[in-house]
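*Asks:* Questions regarding the structure given below will be posed in turn.
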Amino acid sequence: MRYLPLTDAEREEMRKVIGVSDVRELFSCMPSAQCRPPLDTLPRALSEPELAAAFKEFGRRNSFSGFLSFLGAGAYSHFIPEVVSYLSAKGEFLTPYTPYQPEVSQGSLQAIFEYQTMMAMLTGLDVANASLYDGATAAAEAVLLAVRRSGRKRVLLAGSLHPEYAAVIRTYAQNLPIELATVAVDEKSGRVDAVDLRAKLNDSIAAVLFQSPNFLGVVEDGGGIAAAAHECKAICVQVVAEAMSLAYLVPPGEAGVDMAVGEAQSFGLPLGFGGPYLGFMTVREEFMRQMPGRLVGQTRDLDGKRGYVLTLSTREQHIKREKATSNICSNEAWCAMRAGMYLAVMGKAGLARAARTCHLNAAYFARMAARMKTIRVVYPGNFYNEVLIEVKTGSAAQRAAALKKKGILAGVPLSWFADSQKERLLLAFSEMHDRAAIDRLLSALGEAS
Amino acid sequence: MNTLPKLIFELSREGKIGCGLNEADVPGEPVIDAALLRRDPADLPQVSEVEVVRHYMALAALNYSVDAGFYPLGSCTMKYNPKINEKLAAAEELQAHPYAPHDLVQGNLEIMARLEEWLVELTGLAGFTLAPAAGAHGEFTGMLIVRKYLKEMGDARKVVLIPDSAHGTNPASAHFAGYDVKEIASSASGTIGLAELRPHLTPDVAALMMTNPNTLGIFESDIVAIAEALHANGSLLYMDGANFNALLGSVRPGDLGVDVMHLNLHKTFATPHGGGGPGSGPVGVAARLLPFLPVPRVRKSGEGYEVVYDDPHSIGRVKNFYGQFLVIVRALAYLMALGRENVGRVAEDAVLNANYVRKRLEGLLDLPYKAPSLHEVVFSDSGLPVKTLDIAKRLLDYGFHPFTIYFPLIVHGAMMIEPTESESKETLDEFIAVMETIVREARENPELLRQAPTRTPVRRLDETLAARKPVLRWRKGQGA
């Protein structure tokens, strides 16, 4: 077998050194009744060409490739410079372990330190951790942090939070002394209902969690929400499911938000059918020691040379066990390094350009779509890259199915998440689209009515 | 003085560009309240494409990796990551949007279903979720399943028992699932037998979390009796599958009475560790726990596959979308390459390699637990004039990555060595020879070890300074 380097002669030599005549003797600690189960139902070994062919066949059974896609809702198609794929695929980044031995891991450590810096810059907050699993678990960790830090139990979740994020938060909280409540969405603006927020805020609230741009595509008034939260000394958490928006919109930290968490898949990670992605967490310095996950810090070596190490590890499970800030161990380090590479090559001007193009494409669509009689653009202002439309006849799922027949994946029907939303379709735009693509969508939308 | 690469921010020069994107071609202006817009672009670096490549190539040169050499980290299973799997996972035809209609992604759903079938066969459990993102996430998921099941049986109970040799994620995961953790002391032989379990087996025990083989590399041979005792008490047996590499094809946890377990695809199933992730931590369960698995679930339906989102008993969703799909792709490719002929050989070679290293080093280093071990072996620094850390750092000078140090916690100055099946006899012999040299150096010139490493890009780093005055980001104007 090509992955096993020992020869039979070597195996025999090694057995002799150990003092066994059969390797199975080394397994005699196992109960004999259950030992060596039959494996004959498993498939036979494949050669390398056979393996490649088998996966080609899986690929052939996927048929999404030819479609023009406007799917978003938490996973976004963006341009990935070739440099990012080239560099991140290097074995030096892909095949090391967690950098516990910093003397031979400065490459990973510095790359993650740079990533942490970039995320802090983008969010306008002080420090970022080295990654969490994804946007949804990052939001759940933010809830745990807020409850731990404040000593309060109740957390308010905006009704416009991604439904899968809300579901994961509920899963995480189900056995803990945490009470979750939902703040209504103002139907007219698509934003958090300020009256309901104020009504629900009091001294027992640990945190207010809102998403911006929210699940309806609308950019929230982060400053207003933060101000309201702070009046009750609640922690204000902004969830960002589309990290690209950080390059275009007022950074959470500048708006007055205390923590920003979310999904940074947009920074150089392929859609990959949903993973692996990149959960991020950035906070004001006062929350630093309560953060979950790895942190890379700068220090000096014995000769005074600048270097990097994993730090503040007394927060973590391998030291604190059940008293740790989180159980997280393996995280998304490679995805974070890859995001760093992406942000480095996109750079200050490139990322700003890409982020602006996403919005301009969405804006072009919204303006043109507003002229159509068969649909309504639900929130024609204050969106970023996602536009919510409502079909005036039939359901959004039917409309999406009709567009699919024309080779277009027009968006995510919100009926998947809530029965009451059956006329609504969420469309995402990015720098991967151009005017021709959007025009094709528009004309197909018109015909499909 | 500073020979390490500059930070990417220090290379930045106003006006340089590395990005090759066009401007938008649509007409019109932004449709957004100007007050919501960022005033200044984020101060990301301004560097050309070639400088980005050189920067990361310089960083790459500072990293040790499995591709570069032996990585005997105990309990981490740093096996070779097959290159074909990278190509397969990068294939354009797999990069679907997670909300693409199911009829357009039948190939991807089949990949998930196939891996689940493999894992079911290899573990003897009834079904798996592939949703958890890593081992610890799997533990948490598993403990939520335990709790939900017991709750529906009428009593969620309060306590989870965990051996003192366990990985720190076990107690942390149990805690976040709402349980109190009670630690069980290992026996003198390093294991948990019925005798160790019995005094703790009270009616409020929800489960025992047991790593098998345990972190000493020793098989928990009382496991069948332990499972029976737990079940008689109405408790469940959770098995941490971090060390499943030792059992592949030899024994199936489901046959031993295990109720819930997680696997680490980035350990046993050869997916790259990526400097600390992404991992993937599928969780398998016995038949009576199937209804409690997280959603979504991929299910065979006629000729194809469908996805189930609602399940009345499910613990809910633990992650967005489906899981670490591209890690799942690599793990399936690894298993398909091995086939039924080779899965068992993987464990046999891994155990052979570990026992060879054990035998060759056993006269040289203190072996605190003498029971037969499987895929890894734990020595201690007892009797040496230097500490485990010094030996580890000296190994770096000789071009080897050190073993896991100071874990498990029950061994003072632990050196935990897991060679995996990926290593040739030549590599093991070289490593053994280096260990002999280092131990000789320790006796003749211990200071040499305390100063080690001297041949690495940096010397020992001041971790106290890093923690006392945390610098977790670069800021403009901050000197080198």
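By order in the structure tokens, chains are A, B, ...; within a chain, residues start at 1; ligands start at 1, following the order shown.
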Excluding Met415 (chain B) and its own-chain neighbours fewer than 6 positions away, which residues fall within 7 Å of it when counting only C-alpha atoms? Please give them as a list in words.
*Replies:*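 The neighbour list is Val378, Phe379, Ser380, Thr388, Phe403, Thr404, Ile405 and Tyr406 of chain B.
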*Asks:* So which residues touch Glu242 (chain A) within 12 Å, counting only C-alpha atoms, skipping near sequence neighbours fewer than 2 positions away, as a PyMOL selection string?
*Replies:* chain A and resi 72-78+134-135+162+211-215+217-219+238-240+244-249+260-267+277-280+355+358-359+384-386+428-430
*Asks:* Would you mind telling me which residue in B:Val411, B:Ser187, B:Ser422, B:Val329 lies nearest to Arg114 (chain B) when using only C-alpha atoms?
*Replies:*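 That would be B:Val329, the residue with the smallest distance to Arg114 (chain B).
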*Asks:* Just the number, please: distance in Å from CA of Leu236 (chain B) to CA of Asp259 (chain B), one decimal.
*Replies:*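 About the pair CA of Leu236 (chain B) and CA of Asp259 (chain B): they are 6.2 Å apart.
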*Asks:* Write out as a ChimeraX atom specification which residues come within 7 Å of region 149-163 of chain B when counting only C-alpha atoms, dropping same-chain ones fewer than 5 positions away.
*Replies:* /B:171,174,179-186,204-210,289,292
*Asks:* Distance CA of Arg340 (chain B)-CA of Asn108 (chain B), one decimal place?
*Replies:*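 If I compute the distance from CA of Arg340 (chain B) to CA of Asn108 (chain B), I get 22.7 Å.
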*Asks:* Per DSSP on the backbone, filter region 286-320 of chain A down to the residues in alpha helix (DSSP H) and report them as a list in words.
*Replies:*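 Selection result, alpha helix (DSSP H) within region 286-320 of chain A: Gln317, His318, Ile319 and Lys320 of chain A.
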*Asks:* Closest to chain B among A:Val391, A:Leu427, A:Ala229, A:Leu87, using only C-alpha atoms?
*Replies:*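 The answer is A:Leu87, which sits nearest to chain B.
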*Asks:* Which one of A:Ala158, A:Ile408, A:Ala436, A:Val250 sits closest to chain B if you count only C-alpha atoms?
*Replies:*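 Ranking A:Ala158, A:Ile408, A:Ala436, A:Val250 by distance to chain B, first place goes to A:Val250.
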*Asks:* When you count only C-alpha atoms, which of these residues is closest to chain A: B:Pro419, B:Gly241, B:Gly69, B:Gly316?
*Replies:*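 Comparing B:Pro419, B:Gly241, B:Gly69, B:Gly316 against chain A, the winner is B:Gly316.
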*Asks:* Show which residues sit within 12 Å of Glu13 (chain A), as a PyMOL selection string. Count only C-alpha atoms, and ignore same-chain residues fewer than 6 positions away.
*Replies:* (chain A and resi 6-7+19-23) or (chain B and resi 352-353+356+425)
*Asks:* Mind dumping the selected residues with N, CA and C atoms as a tab-separated table (two decimals), in the first residue's frame?
*Replies:*
chain	number	residue	atom	x	y	z
A	6	LEU	N	6.71	0.51	5.40
A	6	LEU	CA	7.45	-0.65	5.90
A	6	LEU	C	7.43	-1.80	4.89
A	7	THR	N	8.56	-2.47	4.75
A	7	THR	CA	8.58	-3.70	3.95
A	7	THR	C	8.30	-4.88	4.88
A	19	GLY	N	10.02	-8.73	20.14
A	19	GLY	CA	9.89	-10.04	20.78
A	19	GLY	C	8.53	-10.68	20.56
A	20	VAL	N	7.92	-10.41	19.41
A	20	VAL	CA	6.68	-11.09	19.07
A	20	VAL	C	6.87	-11.75	17.70
A	21	SER	N	6.15	-12.82	17.48
A	21	SER	CA	6.31	-13.48	16.18
A	21	SER	C	5.21	-13.06	15.21
A	22	ASP	N	4.13	-12.54	15.76
A	22	ASP	CA	3.02	-12.09	14.92
A	22	ASP	C	2.56	-10.74	15.47
A	23	VAL	N	2.32	-9.81	14.56
A	23	VAL	CA	1.92	-8.47	15.00
A	23	VAL	C	0.62	-8.52	15.82
B	352	LEU	N	2.95	-1.48	15.47
B	352	LEU	CA	4.31	-2.05	15.34
B	352	LEU	C	5.36	-0.94	15.50
B	353	ASN	N	5.16	0.16	14.81
B	353	ASN	CA	6.12	1.28	14.89
B	353	ASN	C	6.24	1.78	16.34
B	356	TYR	N	8.07	-0.73	18.50
B	356	TYR	CA	9.49	-0.75	18.15
B	356	TYR	C	10.21	0.39	18.85
B	425	LYS	N	11.16	2.48	8.74
B	425	LYS	CA	12.07	2.00	9.78
B	425	LYS	C	13.33	2.89	9.83
*Asks:* Neighbours of Val386 (chain B) within 8 Å (only C-alpha atoms; same-chain residues fewer than 4 positions away dropped), as a ChimeraX atom specification?
*Replies:* /B:381,390-391,442,446,449-450
*Asks:* I need the residue nearest chain B from this list: A:Val183, A:Met372, A:Leu71, A:Leu388. Use only C-alpha atoms for the distance.
*Replies:*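 Ranking A:Val183, A:Met372, A:Leu71, A:Leu388 by distance to chain B, first place goes to A:Leu71.
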*Asks:* Between B:Ala177, B:Val377, B:Ala24, B:Ala227, which is the closest to Leu176 (chain A) once you count only C-alpha atoms?
*Replies:* B:Ala177
*Asks:* So which residues touch Gly281 (chain B) within 6 Å, counting only C-alpha atoms, skipping near sequence neighbours fewer than 4 positions away, as a PyMOL selection string?
*Replies:* chain B and resi 132-135+138+262-264
*Asks:* Which residues are close to Phe67 (chain A), i.e. within 8 Å by only C-alpha atoms, leaving aside same-chain residues fewer than 4 positions away? Reply as a list in words.
*Replies:*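 The neighbour list is Lys404, Gly407, Ile408 and Leu409 of chain A.
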*Asks:* Restricting the output to N, CA, C and O atoms, write the selected residues as a PDB file, in the first residue's frame.
*Replies:*
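Listed below is the output, result.pdb:
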ATOM      1  N   LYS A 404     -34.593  28.364 -12.314  1.00  0.00           N
ATOM      2  CA  LYS A 404     -33.638  27.247 -12.371  1.00  0.00           C
ATOM      3  C   LYS A 404     -33.721  26.587 -13.749  1.00  0.00           C
ATOM      4  O   LYS A 404     -32.711  26.196 -14.327  1.00  0.00           O
ATOM      5  N   GLY A 407     -31.493  28.080 -16.083  1.00  0.00           N
ATOM      6  CA  GLY A 407     -30.050  28.051 -15.768  1.00  0.00           C
ATOM      7  C   GLY A 407     -29.627  29.069 -14.732  1.00  0.00           C
ATOM      8  O   GLY A 407     -28.442  29.416 -14.643  1.00  0.00           O
ATOM      9  N   ILE A 408     -30.579  29.554 -13.927  1.00  0.00           N
ATOM     10  CA  ILE A 408     -30.229  30.568 -12.924  1.00  0.00           C
ATOM     11  C   ILE A 408     -30.660  30.106 -11.532  1.00  0.00           C
ATOM     12  O   ILE A 408     -31.812  29.689 -11.328  1.00  0.00           O
ATOM     13  N   LEU A 409     -29.741  30.138 -10.580  1.00  0.00           N
ATOM     14  CA  LEU A 409     -30.097  29.913  -9.172  1.00  0.00           C
ATOM     15  C   LEU A 409     -30.297  31.303  -8.581  1.00  0.00           C
ATOM     16  O   LEU A 409     -29.348  31.998  -8.239  1.00  0.00           O
TER      17      LEU A 409
END
*Asks:* I need the residues of region 89-172 of chain A that end up classed as strand (DSSP E) by DSSP on the backbone, written out as a list in words.
*Replies:* Val127, Ala128, Arg154, Val155, Leu156, Leu157 and Ala158 of chain A
